[in-house]
Amino acid sequence: MLLDTVSPMPHLARVPPYAAAEKPAGDGGRPVILSQNELATAPSPRAVEAAAATLAGSNRYPDSDCEALCAAIAARHGLRADRVLCTPGSMTLLGTLVRSYAGAGDEVVITRHGYGYFRTVIQLAGATPVVAPETELHADVDAILARVTERTRIVLLANPNNPTGTMIPWSEVLRLHAGLREDILLVLDAAYAEFVARPDFRAGSDLVDASRNTVMIRTFSKIYGLAGMRVGWGYFPAAIADLLRRVTPPSSVSSQAQAAAIAALADRDHTRATFEAVSRERQRLAAALGVLGLAGPPSEANFVLADFGSPERAKRAHAFLTRRGIHLRPVASADLPQHLRITIGTAAEHEEVLGALRAFLDRPA
């Protein structure tokens with residue numbers, strides 16, 4: 001007989017499931033999927049070839065420490081390889097980090113429209129999320145610092161942010177760090193760093209090198225197009241890197257993923273072409289949304305927000321587009337109920353989206 005006396009930890013029973021993007025229904029047509037911030041095009045052919053070349057050796061475990069990949073990342077970004085750590089996706093690394101440095105009775109500060117998974121990992125750790133307001137959909141350093149208490153253990157900042165696409169300049173990141181106690185960990189989630197062209201942006205490695213309480217998290221899922229491979233990485237002060245290596249499961253990044261990531265890093269021409277294509281299409285899509293009266297904030301990532309003016313109108317637009325096989329991301333979970341997030345796709349996909357939006361807007365209210 002099944003006993004009902006086996007229960008999870010109380011704080012885990014209260015954690016809501018993470019709201020992932022909806023899966024397209026199998027209606028026979030080719031859906032336009034612009035809901036998950038994936039790259040619209042295939043990854044580097046070199047990455048595909050490198051991954052395929054490892055398949056025959058799949059009977060062996062992968063390099064547990066990802067030594068070659070960490071060395072390649074360090075060489076590419078001017079970092080110390082012994083302070084780089086790779087995991088199966090940056091979400092895994094984020095969760096391990098928060099569970100390692102916060103728990104019951106602790107507080108973790110996030111911003112109002114910040115990355116949705118931040119709340120999940122805080123709750124999984126048993127800690128309490130403390131929300132700082134934003135200013136015009138941008139992180140507000142003064143508001144973050146005002147939410148810091150004696151119970152604060154971590155500040156989580158996505159820069160550029162998902163789902164708004166906005167960023168704060170490096171000078172503000174430095175001001176934020178300067179305002180924190182030395183025993184508070186500042187986590188800079190720079191998943192979209194490779195899409196930023198502004199000269200006042202830095203991903204965070206400088207501050208990691210200069211302090212003992214800052215970490216930077218990155219991913220291969222975005223500009224490198226390896227979302228299906230699940231490769232995330234971070235750069236840490238020595239003591240934090242050592243702790244995370246001890247609490248992270250070994251051999252968790254597959255041989256295929258490691259090989260693909262190393263090859264993707266080396267193919268700079270492909271990365272440059274991807275950056276240029278995303279930047280070009282982002283600018284075109286944002287301009288077209290502005291003409292339709294749906295302009296959102298300026299984005300520095302591989303997505304834009306469309307502002308429909310009201311939650312009800314955004315819901316109707318989402319349902320209308322979904323029926324046409326066009327999948328965008330509602331972001332009410334980030335307290336943005338009147339917006340939809342649109343991943344940067346191909347020019348052809350954008351024409352489908354814009355055509356459907358025109359049809360929606362032309363309907364009687």
# chains A, B, ... in the order shown; residues from 1 in each chain; ligands from 1
>>> residues_around(residues="stretch 227-243 of chain A", least_positions_apart="2", cutoff="9 Å", atoms="only C-alpha atoms", output="MDAnalysis selection string")
chainID A and resid 38:39 70 73 79:93 97 100 191 204:205 208:222 224:225 245:248 253:254 256:258 260:261
>>> select_by_dssp(residues="stretch 309-353 of chain A", states="alpha helix (DSSP H)", output="PyMOL selection string")
chain A and resi 311-323+347-353
>>> write_last_selection(atoms="C-alpha atoms", output="mmCIF file, in the first residue's frame")
data_model
loop_
_atom_site.group_PDB
_atom_site.id
_atom_site.type_symbol
_atom_site.label_atom_id
_atom_site.label_comp_id
_atom_site.auth_asym_id
_atom_site.auth_seq_id
_atom_site.Cartn_x
_atom_site.Cartn_y
_atom_site.Cartn_z
ATOM 1 C CA PRO A 311 -3.549 42.841 -20.715
ATOM 2 C CA GLU A 312 -6.823 41.957 -22.433
ATOM 3 C CA ARG A 313 -5.591 43.118 -25.832
ATOM 4 C CA ALA A 314 -2.312 41.222 -25.400
ATOM 5 C CA LYS A 315 -4.244 38.028 -24.558
ATOM 6 C CA ARG A 316 -6.456 38.434 -27.618
ATOM 7 C CA ALA A 317 -3.416 39.028 -29.840
ATOM 8 C CA HIS A 318 -1.645 35.991 -28.437
ATOM 9 C CA ALA A 319 -4.661 33.766 -29.060
ATOM 10 C CA PHE A 320 -5.130 35.195 -32.571
ATOM 11 C CA LEU A 321 -1.506 34.557 -33.539
ATOM 12 C CA THR A 322 -1.432 31.109 -31.962
ATOM 13 C CA ARG A 323 -4.404 30.031 -34.072
ATOM 14 C CA ALA A 347 13.038 38.073 -42.234
ATOM 15 C CA ALA A 348 10.413 35.678 -43.593
ATOM 16 C CA GLU A 349 9.203 34.784 -40.102
ATOM 17 C CA HIS A 350 8.946 38.449 -39.196
ATOM 18 C CA GLU A 351 6.814 39.109 -42.259
ATOM 19 C CA GLU A 352 4.421 36.388 -41.099
ATOM 20 C CA VAL A 353 4.272 37.885 -37.624
#
>>> residues_around(residues="A:Arg284", least_positions_apart="6", cutoff="12 Å", atoms="only C-alpha atoms", output="ChimeraX atom specification")
/A:277-278,290-291,295,303-304,344-347,350-351,354
>>> closest_residue(among="A:Ser35, A:Ser299, A:Thr274, A:Ser252", to="A:Arg198", atoms="only C-alpha atoms")
A:Ser299
>>> atom_distance(atom1="atom CA of A:Ala72", atom2="atom CA of A:Ser44")
16.1 Å
>>> closest_residue(among="A:Phe201, A:Tyr101, A:Phe275, A:Tyr115", to="A:Val331", atoms="only C-alpha atoms")
A:Tyr115
>>> closest_residue(among="A:Ala52, A:Leu226, A:Thr135, A:Ser7", to="A:Ala264", atoms="only C-alpha atoms")
A:Leu226
>>> atom_distance(atom1="atom CA of A:Gly296", atom2="atom CA of A:Gly325")
22.9 Å
>>> residues_around(residues="A:Leu34", least_positions_apart="5", cutoff="6 Å", atoms="only C-alpha atoms", output="count of residues only")
4
>>> atom_distance(atom1="atom CA of A:Phe118", atom2="atom CA of A:Pro199")
27.2 Å
>>> closest_residue(among="A:Leu265, A:His270, A:Ala334, A:Leu294", to="A:Ala68", atoms="only C-alpha atoms")
A:Leu265
>>> closest_residue(among="A:Gln338, A:Thr128, A:Thr96, A:Thr164", to="A:Val109", atoms="only C-alpha atoms")
A:Thr128
>>> select_by_dssp(residues="stretch 87-322 of chain A", states="strand (DSSP E or B)", output="mmCIF file with all heavy atoms, in the first residue's frame")
data_model
loop_
_atom_site.group_PDB
_atom_site.id
_atom_site.type_symbol
_atom_site.label_atom_id
_atom_site.label_comp_id
_atom_site.auth_asym_id
_atom_site.auth_seq_id
_atom_site.Cartn_x
_atom_site.Cartn_y
_atom_site.Cartn_z
ATOM 1 N N THR A 87 28.424 23.831 -16.976
ATOM 2 C CA THR A 87 27.329 22.971 -16.531
ATOM 3 C C THR A 87 26.370 22.771 -17.696
ATOM 4 O O THR A 87 26.446 23.476 -18.697
ATOM 5 C CB THR A 87 26.558 23.591 -15.346
ATOM 6 O OG1 THR A 87 26.036 24.869 -15.746
ATOM 7 C CG2 THR A 87 27.444 23.754 -14.132
ATOM 8 N N GLU A 107 17.376 36.331 2.235
ATOM 9 C CA GLU A 107 16.685 37.086 1.192
ATOM 10 C C GLU A 107 17.588 37.225 -0.036
ATOM 11 O O GLU A 107 18.810 37.348 0.094
ATOM 12 C CB GLU A 107 16.288 38.470 1.694
ATOM 13 C CG GLU A 107 15.259 38.434 2.810
ATOM 14 C CD GLU A 107 14.920 39.817 3.342
ATOM 15 O OE1 GLU A 107 15.649 40.786 3.027
ATOM 16 O OE2 GLU A 107 13.918 39.921 4.079
ATOM 17 N N VAL A 108 16.962 37.202 -1.203
ATOM 18 C CA VAL A 108 17.659 37.411 -2.469
ATOM 19 C C VAL A 108 16.924 38.503 -3.224
ATOM 20 O O VAL A 108 15.711 38.398 -3.461
ATOM 21 C CB VAL A 108 17.706 36.119 -3.320
ATOM 22 C CG1 VAL A 108 18.433 36.384 -4.634
ATOM 23 C CG2 VAL A 108 18.387 34.991 -2.540
ATOM 24 N N VAL A 109 17.629 39.557 -3.608
ATOM 25 C CA VAL A 109 17.005 40.702 -4.264
ATOM 26 C C VAL A 109 17.007 40.505 -5.775
ATOM 27 O O VAL A 109 18.035 40.153 -6.373
ATOM 28 C CB VAL A 109 17.726 42.009 -3.897
ATOM 29 C CG1 VAL A 109 17.059 43.202 -4.586
ATOM 30 C CG2 VAL A 109 17.727 42.217 -2.380
ATOM 31 N N ILE A 110 15.844 40.718 -6.385
ATOM 32 C CA ILE A 110 15.686 40.686 -7.837
ATOM 33 C C ILE A 110 14.926 41.931 -8.257
ATOM 34 O O ILE A 110 14.435 42.681 -7.411
ATOM 35 C CB ILE A 110 14.914 39.423 -8.283
ATOM 36 C CG1 ILE A 110 13.546 39.358 -7.590
ATOM 37 C CG2 ILE A 110 15.731 38.167 -7.991
ATOM 38 C CD1 ILE A 110 12.690 38.178 -8.018
ATOM 39 N N THR A 111 14.816 42.170 -9.563
ATOM 40 C CA THR A 111 14.068 43.330 -10.039
ATOM 41 C C THR A 111 12.686 42.915 -10.519
ATOM 42 O O THR A 111 12.434 41.752 -10.846
ATOM 43 C CB THR A 111 14.808 44.064 -11.165
ATOM 44 O OG1 THR A 111 14.901 43.212 -12.315
ATOM 45 C CG2 THR A 111 16.198 44.477 -10.707
ATOM 46 N N THR A 128 13.885 33.783 0.365
ATOM 47 C CA THR A 128 12.768 34.680 0.061
ATOM 48 C C THR A 128 13.161 35.683 -1.015
ATOM 49 O O THR A 128 14.146 36.418 -0.851
ATOM 50 C CB THR A 128 12.350 35.455 1.317
ATOM 51 O OG1 THR A 128 11.967 34.518 2.334
ATOM 52 C CG2 THR A 128 11.190 36.391 1.028
ATOM 53 N N PRO A 129 12.421 35.739 -2.132
ATOM 54 C CA PRO A 129 12.704 36.761 -3.131
ATOM 55 C C PRO A 129 12.204 38.126 -2.669
ATOM 56 O O PRO A 129 11.085 38.245 -2.168
ATOM 57 C CB PRO A 129 11.944 36.277 -4.376
ATOM 58 C CG PRO A 129 10.864 35.397 -3.847
ATOM 59 C CD PRO A 129 11.364 34.809 -2.572
ATOM 60 N N VAL A 130 13.038 39.130 -2.821
ATOM 61 C CA VAL A 130 12.672 40.505 -2.497
ATOM 62 C C VAL A 130 12.740 41.303 -3.793
ATOM 63 O O VAL A 130 13.787 41.343 -4.449
ATOM 64 C CB VAL A 130 13.626 41.101 -1.444
ATOM 65 C CG1 VAL A 130 13.305 42.575 -1.207
ATOM 66 C CG2 VAL A 130 13.540 40.315 -0.143
ATOM 67 N N VAL A 131 11.633 41.929 -4.176
ATOM 68 C CA VAL A 131 11.508 42.544 -5.498
ATOM 69 C C VAL A 131 11.739 44.041 -5.424
ATOM 70 O O VAL A 131 11.074 44.759 -4.659
ATOM 71 C CB VAL A 131 10.129 42.250 -6.106
ATOM 72 C CG1 VAL A 131 10.024 42.869 -7.497
ATOM 73 C CG2 VAL A 131 9.888 40.740 -6.182
ATOM 74 N N ALA A 132 12.675 44.529 -6.241
ATOM 75 C CA ALA A 132 12.947 45.962 -6.350
ATOM 76 C C ALA A 132 12.234 46.513 -7.584
ATOM 77 O O ALA A 132 12.234 45.873 -8.639
ATOM 78 C CB ALA A 132 14.445 46.214 -6.476
ATOM 79 N N GLU A 134 11.483 48.777 -10.938
ATOM 80 C CA GLU A 134 12.320 49.223 -12.039
ATOM 81 C C GLU A 134 11.882 50.611 -12.474
ATOM 82 O O GLU A 134 10.797 51.081 -12.109
ATOM 83 C CB GLU A 134 12.245 48.240 -13.210
ATOM 84 C CG GLU A 134 12.780 46.860 -12.882
ATOM 85 C CD GLU A 134 12.833 45.938 -14.095
ATOM 86 O OE1 GLU A 134 12.543 46.402 -15.217
ATOM 87 O OE2 GLU A 134 13.164 44.749 -13.913
ATOM 88 N N THR A 135 12.702 51.268 -13.268
ATOM 89 C CA THR A 135 12.384 52.578 -13.827
ATOM 90 C C THR A 135 12.332 52.461 -15.339
ATOM 91 O O THR A 135 13.351 52.169 -15.976
ATOM 92 C CB THR A 135 13.438 53.625 -13.421
ATOM 93 O OG1 THR A 135 13.472 53.737 -11.991
ATOM 94 C CG2 THR A 135 13.106 54.986 -14.029
ATOM 95 N N HIS A 138 13.816 49.377 -16.811
ATOM 96 C CA HIS A 138 15.256 49.221 -16.605
ATOM 97 C C HIS A 138 15.522 48.964 -15.119
ATOM 98 O O HIS A 138 14.838 49.525 -14.255
ATOM 99 C CB HIS A 138 16.020 50.488 -17.018
ATOM 100 C CG HIS A 138 16.115 50.704 -18.492
ATOM 101 N ND1 HIS A 138 15.022 51.046 -19.265
ATOM 102 C CD2 HIS A 138 17.181 50.628 -19.340
ATOM 103 C CE1 HIS A 138 15.417 51.186 -20.519
ATOM 104 N NE2 HIS A 138 16.710 50.932 -20.596
ATOM 105 N N ALA A 139 16.502 48.131 -14.833
ATOM 106 C CA ALA A 139 16.901 47.928 -13.446
ATOM 107 C C ALA A 139 17.310 49.258 -12.830
ATOM 108 O O ALA A 139 17.983 50.074 -13.467
ATOM 109 C CB ALA A 139 18.054 46.932 -13.371
ATOM 110 N N THR A 152 19.913 39.910 3.514
ATOM 111 C CA THR A 152 20.234 39.751 2.092
ATOM 112 C C THR A 152 21.525 38.966 1.919
ATOM 113 O O THR A 152 22.551 39.278 2.519
ATOM 114 C CB THR A 152 20.382 41.127 1.407
ATOM 115 O OG1 THR A 152 19.184 41.878 1.596
ATOM 116 C CG2 THR A 152 20.654 40.946 -0.086
ATOM 117 N N ARG A 153 21.474 37.932 1.082
ATOM 118 C CA ARG A 153 22.649 37.130 0.787
ATOM 119 C C ARG A 153 23.111 37.275 -0.653
ATOM 120 O O ARG A 153 24.294 37.139 -0.953
ATOM 121 C CB ARG A 153 22.368 35.638 1.053
ATOM 122 C CG ARG A 153 22.116 35.294 2.507
ATOM 123 C CD ARG A 153 23.332 35.539 3.387
ATOM 124 N NE ARG A 153 24.521 34.874 2.877
ATOM 125 C CZ ARG A 153 24.835 33.603 3.104
ATOM 126 N NH1 ARG A 153 24.027 32.840 3.816
ATOM 127 N NH2 ARG A 153 25.954 33.091 2.617
ATOM 128 N N ILE A 154 22.163 37.520 -1.571
ATOM 129 C CA ILE A 154 22.469 37.547 -3.001
ATOM 130 C C ILE A 154 21.648 38.641 -3.681
ATOM 131 O O ILE A 154 20.506 38.907 -3.292
ATOM 132 C CB ILE A 154 22.138 36.194 -3.677
ATOM 133 C CG1 ILE A 154 22.877 35.041 -3.004
ATOM 134 C CG2 ILE A 154 22.471 36.220 -5.170
ATOM 135 C CD1 ILE A 154 22.470 33.672 -3.537
ATOM 136 N N VAL A 155 22.230 39.255 -4.703
ATOM 137 C CA VAL A 155 21.502 40.117 -5.638
ATOM 138 C C VAL A 155 21.660 39.493 -7.022
ATOM 139 O O VAL A 155 22.781 39.235 -7.465
ATOM 140 C CB VAL A 155 22.037 41.558 -5.636
ATOM 141 C CG1 VAL A 155 21.390 42.372 -6.758
ATOM 142 C CG2 VAL A 155 21.783 42.227 -4.286
ATOM 143 N N LEU A 156 20.530 39.234 -7.687
ATOM 144 C CA LEU A 156 20.532 38.642 -9.019
ATOM 145 C C LEU A 156 20.167 39.705 -10.046
ATOM 146 O O LEU A 156 19.111 40.336 -9.948
ATOM 147 C CB LEU A 156 19.522 37.494 -9.099
ATOM 148 C CG LEU A 156 19.755 36.288 -8.189
ATOM 149 C CD1 LEU A 156 18.586 35.306 -8.310
ATOM 150 C CD2 LEU A 156 21.056 35.592 -8.539
ATOM 151 N N LEU A 157 21.039 39.900 -11.028
ATOM 152 C CA LEU A 157 20.801 40.913 -12.063
ATOM 153 C C LEU A 157 21.078 40.317 -13.435
ATOM 154 O O LEU A 157 22.202 39.889 -13.715
ATOM 155 C CB LEU A 157 21.701 42.130 -11.831
ATOM 156 C CG LEU A 157 21.585 43.241 -12.881
ATOM 157 C CD1 LEU A 157 20.226 43.940 -12.780
ATOM 158 C CD2 LEU A 157 22.716 44.257 -12.718
ATOM 159 N N ALA A 158 20.067 40.271 -14.284
ATOM 160 C CA ALA A 158 20.254 39.878 -15.681
ATOM 161 C C ALA A 158 20.520 41.140 -16.489
ATOM 162 O O ALA A 158 19.711 42.066 -16.474
ATOM 163 C CB ALA A 158 19.013 39.163 -16.210
ATOM 164 N N LEU A 185 26.528 38.398 -2.342
ATOM 165 C CA LEU A 185 26.993 37.929 -3.641
ATOM 166 C C LEU A 185 26.217 38.632 -4.753
ATOM 167 O O LEU A 185 24.986 38.598 -4.783
ATOM 168 C CB LEU A 185 26.791 36.416 -3.742
ATOM 169 C CG LEU A 185 27.282 35.723 -5.010
ATOM 170 C CD1 LEU A 185 28.793 35.845 -5.143
ATOM 171 C CD2 LEU A 185 26.859 34.260 -5.013
ATOM 172 N N LEU A 186 26.930 39.248 -5.681
ATOM 173 C CA LEU A 186 26.326 39.875 -6.853
ATOM 174 C C LEU A 186 26.465 38.921 -8.030
ATOM 175 O O LEU A 186 27.580 38.597 -8.447
ATOM 176 C CB LEU A 186 26.997 41.211 -7.168
ATOM 177 C CG LEU A 186 26.537 41.910 -8.462
ATOM 178 C CD1 LEU A 186 25.045 42.219 -8.418
ATOM 179 C CD2 LEU A 186 27.345 43.184 -8.698
ATOM 180 N N VAL A 187 25.332 38.454 -8.560
ATOM 181 C CA VAL A 187 25.322 37.525 -9.684
ATOM 182 C C VAL A 187 24.906 38.275 -10.940
ATOM 183 O O VAL A 187 23.786 38.795 -11.019
ATOM 184 C CB VAL A 187 24.360 36.350 -9.421
ATOM 185 C CG1 VAL A 187 24.341 35.403 -10.623
ATOM 186 C CG2 VAL A 187 24.752 35.611 -8.148
ATOM 187 N N LEU A 188 25.809 38.331 -11.911
ATOM 188 C CA LEU A 188 25.535 38.992 -13.189
ATOM 189 C C LEU A 188 25.235 37.925 -14.234
ATOM 190 O O LEU A 188 26.116 37.178 -14.646
ATOM 191 C CB LEU A 188 26.736 39.840 -13.611
ATOM 192 C CG LEU A 188 27.161 40.932 -12.632
ATOM 193 C CD1 LEU A 188 28.423 41.628 -13.123
ATOM 194 C CD2 LEU A 188 26.029 41.949 -12.428
ATOM 195 N N ASP A 189 23.970 37.837 -14.623
ATOM 196 C CA ASP A 189 23.549 36.882 -15.647
ATOM 197 C C ASP A 189 23.658 37.594 -16.995
ATOM 198 O O ASP A 189 22.833 38.438 -17.333
ATOM 199 C CB ASP A 189 22.121 36.432 -15.378
ATOM 200 C CG ASP A 189 21.666 35.350 -16.339
ATOM 201 O OD1 ASP A 189 22.276 35.201 -17.414
ATOM 202 O OD2 ASP A 189 20.678 34.655 -16.033
ATOM 203 N N THR A 214 31.540 38.732 -6.638
ATOM 204 C CA THR A 214 30.834 38.894 -7.907
ATOM 205 C C THR A 214 31.065 37.670 -8.775
ATOM 206 O O THR A 214 32.190 37.152 -8.846
ATOM 207 C CB THR A 214 31.311 40.143 -8.671
ATOM 208 O OG1 THR A 214 31.182 41.291 -7.831
ATOM 209 C CG2 THR A 214 30.496 40.354 -9.946
ATOM 210 N N VAL A 215 30.011 37.198 -9.425
ATOM 211 C CA VAL A 215 30.133 36.090 -10.372
ATOM 212 C C VAL A 215 29.430 36.480 -11.670
ATOM 213 O O VAL A 215 28.524 37.318 -11.680
ATOM 214 C CB VAL A 215 29.530 34.780 -9.814
ATOM 215 C CG1 VAL A 215 30.160 34.426 -8.477
ATOM 216 C CG2 VAL A 215 28.018 34.865 -9.686
ATOM 217 N N MET A 216 29.836 35.865 -12.761
ATOM 218 C CA MET A 216 29.245 36.110 -14.074
ATOM 219 C C MET A 216 28.808 34.784 -14.676
ATOM 220 O O MET A 216 29.568 33.817 -14.678
ATOM 221 C CB MET A 216 30.261 36.796 -14.999
ATOM 222 C CG MET A 216 29.765 37.003 -16.431
ATOM 223 S SD MET A 216 31.063 37.652 -17.527
ATOM 224 C CE MET A 216 32.156 36.219 -17.641
ATOM 225 N N ILE A 217 27.583 34.753 -15.183
ATOM 226 C CA ILE A 217 27.035 33.542 -15.788
ATOM 227 C C ILE A 217 26.755 33.788 -17.267
ATOM 228 O O ILE A 217 26.208 34.836 -17.642
ATOM 229 C CB ILE A 217 25.741 33.106 -15.064
ATOM 230 C CG1 ILE A 217 26.055 32.701 -13.625
ATOM 231 C CG2 ILE A 217 25.058 31.959 -15.806
ATOM 232 C CD1 ILE A 217 24.840 32.328 -12.819
ATOM 233 N N ARG A 218 27.154 32.827 -18.105
ATOM 234 C CA ARG A 218 26.978 32.946 -19.567
ATOM 235 C C ARG A 218 26.403 31.647 -20.132
ATOM 236 O O ARG A 218 26.231 30.659 -19.413
ATOM 237 C CB ARG A 218 28.327 33.262 -20.232
ATOM 238 C CG ARG A 218 29.064 34.460 -19.663
ATOM 239 C CD ARG A 218 28.495 35.769 -20.158
ATOM 240 N NE ARG A 218 28.814 36.016 -21.540
ATOM 241 C CZ ARG A 218 29.921 36.657 -21.970
ATOM 242 N NH1 ARG A 218 30.813 37.067 -21.079
ATOM 243 N NH2 ARG A 218 30.140 36.871 -23.255
ATOM 244 N N THR A 219 26.131 31.632 -21.434
ATOM 245 C CA THR A 219 25.535 30.458 -22.059
ATOM 246 C C THR A 219 25.960 30.322 -23.512
ATOM 247 O O THR A 219 26.338 31.305 -24.155
ATOM 248 C CB THR A 219 23.996 30.540 -21.987
ATOM 249 O OG1 THR A 219 23.434 29.356 -22.560
ATOM 250 C CG2 THR A 219 23.472 31.746 -22.755
ATOM 251 N N GLY A 232 26.168 25.750 -20.338
ATOM 252 C CA GLY A 232 26.291 27.039 -19.683
ATOM 253 C C GLY A 232 27.650 27.126 -19.011
ATOM 254 O O GLY A 232 28.325 26.105 -18.814
ATOM 255 N N TRP A 233 28.066 28.337 -18.685
ATOM 256 C CA TRP A 233 29.347 28.480 -17.991
ATOM 257 C C TRP A 233 29.328 29.728 -17.125
ATOM 258 O O TRP A 233 28.493 30.617 -17.307
ATOM 259 C CB TRP A 233 30.515 28.513 -18.971
ATOM 260 C CG TRP A 233 30.580 29.693 -19.917
ATOM 261 C CD1 TRP A 233 29.922 29.828 -21.109
ATOM 262 C CD2 TRP A 233 31.355 30.889 -19.764
ATOM 263 N NE1 TRP A 233 30.241 31.031 -21.716
ATOM 264 C CE2 TRP A 233 31.126 31.696 -20.909
ATOM 265 C CE3 TRP A 233 32.224 31.346 -18.776
ATOM 266 C CZ2 TRP A 233 31.728 32.939 -21.084
ATOM 267 C CZ3 TRP A 233 32.837 32.594 -18.942
ATOM 268 C CH2 TRP A 233 32.584 33.362 -20.101
ATOM 269 N N GLY A 234 30.252 29.758 -16.193
ATOM 270 C CA GLY A 234 30.367 30.919 -15.336
ATOM 271 C C GLY A 234 31.814 31.207 -15.005
ATOM 272 O O GLY A 234 32.696 30.350 -15.168
ATOM 273 N N TYR A 235 32.032 32.424 -14.551
ATOM 274 C CA TYR A 235 33.371 32.867 -14.135
ATOM 275 C C TYR A 235 33.263 33.352 -12.703
ATOM 276 O O TYR A 235 32.375 34.150 -12.369
ATOM 277 C CB TYR A 235 33.863 33.967 -15.055
ATOM 278 C CG TYR A 235 35.313 34.352 -14.851
ATOM 279 C CD1 TYR A 235 36.316 33.397 -14.863
ATOM 280 C CD2 TYR A 235 35.680 35.693 -14.681
ATOM 281 C CE1 TYR A 235 37.649 33.746 -14.696
ATOM 282 C CE2 TYR A 235 37.014 36.051 -14.515
ATOM 283 C CZ TYR A 235 37.991 35.073 -14.528
ATOM 284 O OH TYR A 235 39.324 35.418 -14.364
ATOM 285 N N PHE A 303 15.611 39.501 -28.856
ATOM 286 C CA PHE A 303 14.154 39.547 -28.786
ATOM 287 C C PHE A 303 13.733 40.990 -28.558
ATOM 288 O O PHE A 303 14.556 41.850 -28.191
ATOM 289 C CB PHE A 303 13.630 38.659 -27.648
ATOM 290 C CG PHE A 303 14.198 39.012 -26.296
ATOM 291 C CD1 PHE A 303 13.649 40.011 -25.514
ATOM 292 C CD2 PHE A 303 15.318 38.345 -25.812
ATOM 293 C CE1 PHE A 303 14.188 40.341 -24.276
ATOM 294 C CE2 PHE A 303 15.863 38.660 -24.580
ATOM 295 C CZ PHE A 303 15.294 39.658 -23.814
ATOM 296 N N VAL A 304 12.457 41.243 -28.789
ATOM 297 C CA VAL A 304 11.876 42.556 -28.509
ATOM 298 C C VAL A 304 10.538 42.346 -27.813
ATOM 299 O O VAL A 304 9.936 41.268 -27.901
ATOM 300 C CB VAL A 304 11.659 43.395 -29.789
ATOM 301 C CG1 VAL A 304 12.997 43.711 -30.461
ATOM 302 C CG2 VAL A 304 10.722 42.675 -30.759
ATOM 303 N N LEU A 305 10.083 43.377 -27.123
ATOM 304 C CA LEU A 305 8.759 43.367 -26.524
ATOM 305 C C LEU A 305 7.794 44.151 -27.402
ATOM 306 O O LEU A 305 8.150 45.219 -27.924
ATOM 307 C CB LEU A 305 8.771 43.998 -25.138
ATOM 308 C CG LEU A 305 9.233 43.162 -23.947
ATOM 309 C CD1 LEU A 305 9.063 43.970 -22.659
ATOM 310 C CD2 LEU A 305 8.479 41.856 -23.844
ATOM 311 N N ALA A 306 6.585 43.624 -27.554
ATOM 312 C CA ALA A 306 5.511 44.362 -28.225
ATOM 313 C C ALA A 306 4.507 44.765 -27.148
ATOM 314 O O ALA A 306 4.057 43.923 -26.361
ATOM 315 C CB ALA A 306 4.840 43.489 -29.276
ATOM 316 N N ASP A 307 4.171 46.050 -27.115
ATOM 317 C CA ASP A 307 3.284 46.593 -26.095
ATOM 318 C C ASP A 307 1.892 46.786 -26.690
ATOM 319 O O ASP A 307 1.690 47.611 -27.572
ATOM 320 C CB ASP A 307 3.839 47.923 -25.593
ATOM 321 C CG ASP A 307 3.059 48.496 -24.413
ATOM 322 O OD1 ASP A 307 1.942 47.996 -24.136
ATOM 323 O OD2 ASP A 307 3.551 49.428 -23.774
#
>>> closest_residue(among="A:Val196, A:Leu340, A:Ala332, A:Ala71", to="A:Pro160", atoms="only C-alpha atoms")
A:Val196
>>> decode(residues="stretch 244-254 of chain A", atoms="N, CA and C atoms", output="PDB file, in the first residue's frame")
ATOM      1  N   LEU A 244      31.769  25.435  -5.964  1.00  0.00           N
ATOM      2  CA  LEU A 244      30.821  24.962  -6.969  1.00  0.00           C
ATOM      3  C   LEU A 244      31.290  23.666  -7.633  1.00  0.00           C
ATOM      4  N   ARG A 245      32.581  23.518  -7.813  1.00  0.00           N
ATOM      5  CA  ARG A 245      33.086  22.254  -8.372  1.00  0.00           C
ATOM      6  C   ARG A 245      32.778  21.081  -7.446  1.00  0.00           C
ATOM      7  N   ARG A 246      32.782  21.332  -6.159  1.00  0.00           N
ATOM      8  CA  ARG A 246      32.541  20.255  -5.201  1.00  0.00           C
ATOM      9  C   ARG A 246      31.066  19.870  -5.103  1.00  0.00           C
ATOM     10  N   VAL A 247      30.170  20.788  -5.435  1.00  0.00           N
ATOM     11  CA  VAL A 247      28.740  20.499  -5.278  1.00  0.00           C
ATOM     12  C   VAL A 247      28.032  20.276  -6.616  1.00  0.00           C
ATOM     13  N   THR A 248      28.757  20.395  -7.718  1.00  0.00           N
ATOM     14  CA  THR A 248      28.167  20.163  -9.034  1.00  0.00           C
ATOM     15  C   THR A 248      28.384  18.715  -9.451  1.00  0.00           C
ATOM     16  N   PRO A 249      27.353  18.032  -9.950  1.00  0.00           N
ATOM     17  CA  PRO A 249      27.527  16.628 -10.368  1.00  0.00           C
ATOM     18  C   PRO A 249      28.610  16.500 -11.440  1.00  0.00           C
ATOM     19  N   PRO A 250      29.442  15.475 -11.355  1.00  0.00           N
ATOM     20  CA  PRO A 250      30.511  15.300 -12.346  1.00  0.00           C
ATOM     21  C   PRO A 250      29.974  14.792 -13.681  1.00  0.00           C
ATOM     22  N   SER A 251      30.746  14.991 -14.728  1.00  0.00           N
ATOM     23  CA  SER A 251      30.437  14.462 -16.066  1.00  0.00           C
ATOM     24  C   SER A 251      29.046  14.858 -16.539  1.00  0.00           C
ATOM     25  N   SER A 252      28.638  16.084 -16.237  1.00  0.00           N
ATOM     26  CA  SER A 252      27.264  16.487 -16.546  1.00  0.00           C
ATOM     27  C   SER A 252      27.111  17.146 -17.913  1.00  0.00           C
ATOM     28  N   VAL A 253      28.207  17.597 -18.515  1.00  0.00           N
ATOM     29  CA  VAL A 253      28.157  18.187 -19.860  1.00  0.00           C
ATOM     30  C   VAL A 253      28.646  17.133 -20.847  1.00  0.00           C
ATOM     31  N   SER A 254      27.813  16.760 -21.786  1.00  0.00           N
ATOM     32  CA  SER A 254      28.139  15.652 -22.683  1.00  0.00           C
ATOM     33  C   SER A 254      29.362  15.945 -23.544  1.00  0.00           C
TER      34      SER A 254
END
